[in-house]
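Undergrad: Quick one: the structure is below, and I'll ask about it shortly.
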Amino acid sequence: MADPNKVDPIHQFGIESIFAIGGDDGGFQLAFTNSALFMALSVGVIAAYLILSTSGRGLVPNRAQVLSEMLYEFIANMVRQAAGTEGMKFFPFVFSLFMFVLVANLFGMFPFFFTVTSHIIVTFALAMLVISTVIVYGFMRNGLGFLKLFVPSGIPTPILLIVVPIEIISFLSRPISLSVRLFANILAGHITLKVFAGFIVTLGSMGVLGFMGAVLPLIMTVALTALEFLVAALQAYVFAVLTSMYLNDAIHPGH
Amino acid sequence: MNKARETKNSDGGNKSRSVTSDLASRIAGAKSGRSGAGNGSAQGGSRGASGHGRAARLGTEFIAAILVGAGIGYVADLAFGTSPWVMLVMLLAGFASGVLNVIRAVAEMNAANPAPLDADLGPSEDDDED
């Protein structure tokens with residue numbers, strides 16, 4: 001970062017240790033990184049906002065309470081539509097996931113803030129959480145009947161030999177697509193934003209003509225910022241919708 | 001609004017039962033209206049954001065299945081020493097389940113946003129005779 005004109009779009013995703021426990025004697029080191037800091041911040045902001053805004057319990061809610069009640073009803077309706085009334089026992093799970101992804105994405109829109117969801121290990125951990133919940137609860141509730149998920153009804157046995165492996169791969173691809181989608185959207189968006197913002201600086205330092213040309217990437221950057229806010233909210237929504245659809249498979253296996 | 005509520009209260013002071021039932025029906029009406037509005041806006045939102053969201057969804061669904069299929073095959077090849085045959089077969093199976101994923105995702109999207117009744121969906125079966 002010595003040269004301010006140098007554009008380094010990847011730099012923002014670097015993980016730095018803020019403080020570390022252990023590791024002095026070459027042993028296991030537990031580092032509190034900027035990623036962990038922003039995860040903790042996200043959770044703290046979500047908890048503080050929801051607790052403070054609903055503490056009044058006004059029959060006529062104020063603005064903050066209206067927003068948290070809208071978030072609640074939005075996710076509650078979504079879970080009920082996708083997974084039925086029985087799926088509502090997973091409402092706290094889906095709501096926490098949605099809020100975490102949403103707030104982490106929106107935190108990433110602040111300049112100089114770290115975007116937690118731009119690392120695939122974070123989104124993959126969230127997706128594995130979803131899929132292991134589906135598998136564990138599916139077997140708990142349906143026993144071996146959960147395996148009917150891989151055996152579509154009304155198909156002759158010889159074809160099952162082909163269909164069952166395809167269904168299994170389709171199921172196993174869920175955590176990959178769930179995590180890659182969130183991670184790729186956020187990563188690509190932030191890199192694009194940084195590259196276009198870098199054009200402004202580079203062009204602006206090239207005399208009057210370049211200064212006028214820099215207006216174009218400036219317009220692009222403003223538009224992209226708006227798009228990124230949309231993507232941040234949309235991807236949190238998509239993550240939550242797919243989570244409740246997968247949970248529906250655990251509750252009602254067999255298509 | 002406050003005034004209206006006061007007059008209503010003084011009117012129905014002796015028949016509080018009818019007031020509460022009236023209140024209950026008003027709450028129910030507001031609730032159904034609000035949930036309807038909420039659904040509508042959610043649908044509108046997902047429709048407005050459709051292009052980008054759908055493209056991302058379909059692309060990852062397809063790619064992920066291929067990657068998983070090839071990955072399973074690769075690991076199986078390492079285990080059995082049959083390189084590269086299991087991987088080739090599982091890659092093709094991955095393609096198939098990728099297509100299956102995409103078909104399912106599109107079916108969900110179509111169910112969520114059905115075409116309007118008067119939409120032109122191409123020739124109907126009657127027109128397809130000759």
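Identifiers in the structure tokens: chain A, B, ... in order shown; residue index from 1 per chain; ligand index from 1 in order shown.
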Can you check which residues of stretch 49-209 of chain A DSSP gives as alpha helix (DSSP H) on the backbone and send them as a PyMOL selection string?

TA: chain A and resi 49-55+63-83+91-107+120-142+157-204+207-209

Undergrad: Would you mind listing, as a list in words, all residues of chain B that have at least one atom within 7 Å of chain A, where only C-alpha atoms are what counts?

TA: Ala56, Arg57, Thr60, Glu61, Ala64, Ala65, Val68, Gly69, Ala93, Gly94, Ala96, Ser97, Gly98 and Asn101 of chain B

Undergrad: Under the rule that only C-alpha atoms are counted, which of A:Thr157, A:Glu69, A:Leu247, A:Leu224 is the nearest residue to A:Arg57?

TA: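 Using only C-alpha atoms, A:Arg57 sits closest to A:Glu69.
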
Undergrad: Which value, in Å to one decimal, gives the distance between atom CA of A:Ala31 and atom CA of A:Phe107?

TA: 21.4 Å

Undergrad: Using only C-alpha atoms, which of the listed residues (B:Val99, B:Val89, B:Ala55, B:Arg26) sits closest to B:Asp77?

TA: B:Val89

Undergrad: Just to confirm, what's the straight-line distance from atom CA of A:Ala47 to atom CA of A:Pro61 in Å (one decimal)?

TA: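 According to the coordinates, atom CA of A:Ala47 and atom CA of A:Pro61 are separated by 18.5 Å.
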
Undergrad: For A:Arg141, list every protein, DNA or RNA residue within 12 Å, evaluated using only C-alpha atoms, and leave out those in the same chain fewer than 6 positions away; present the list as a VMD selection string.

TA: chain A and resid 86 133 to 135 147 247 249 to 253
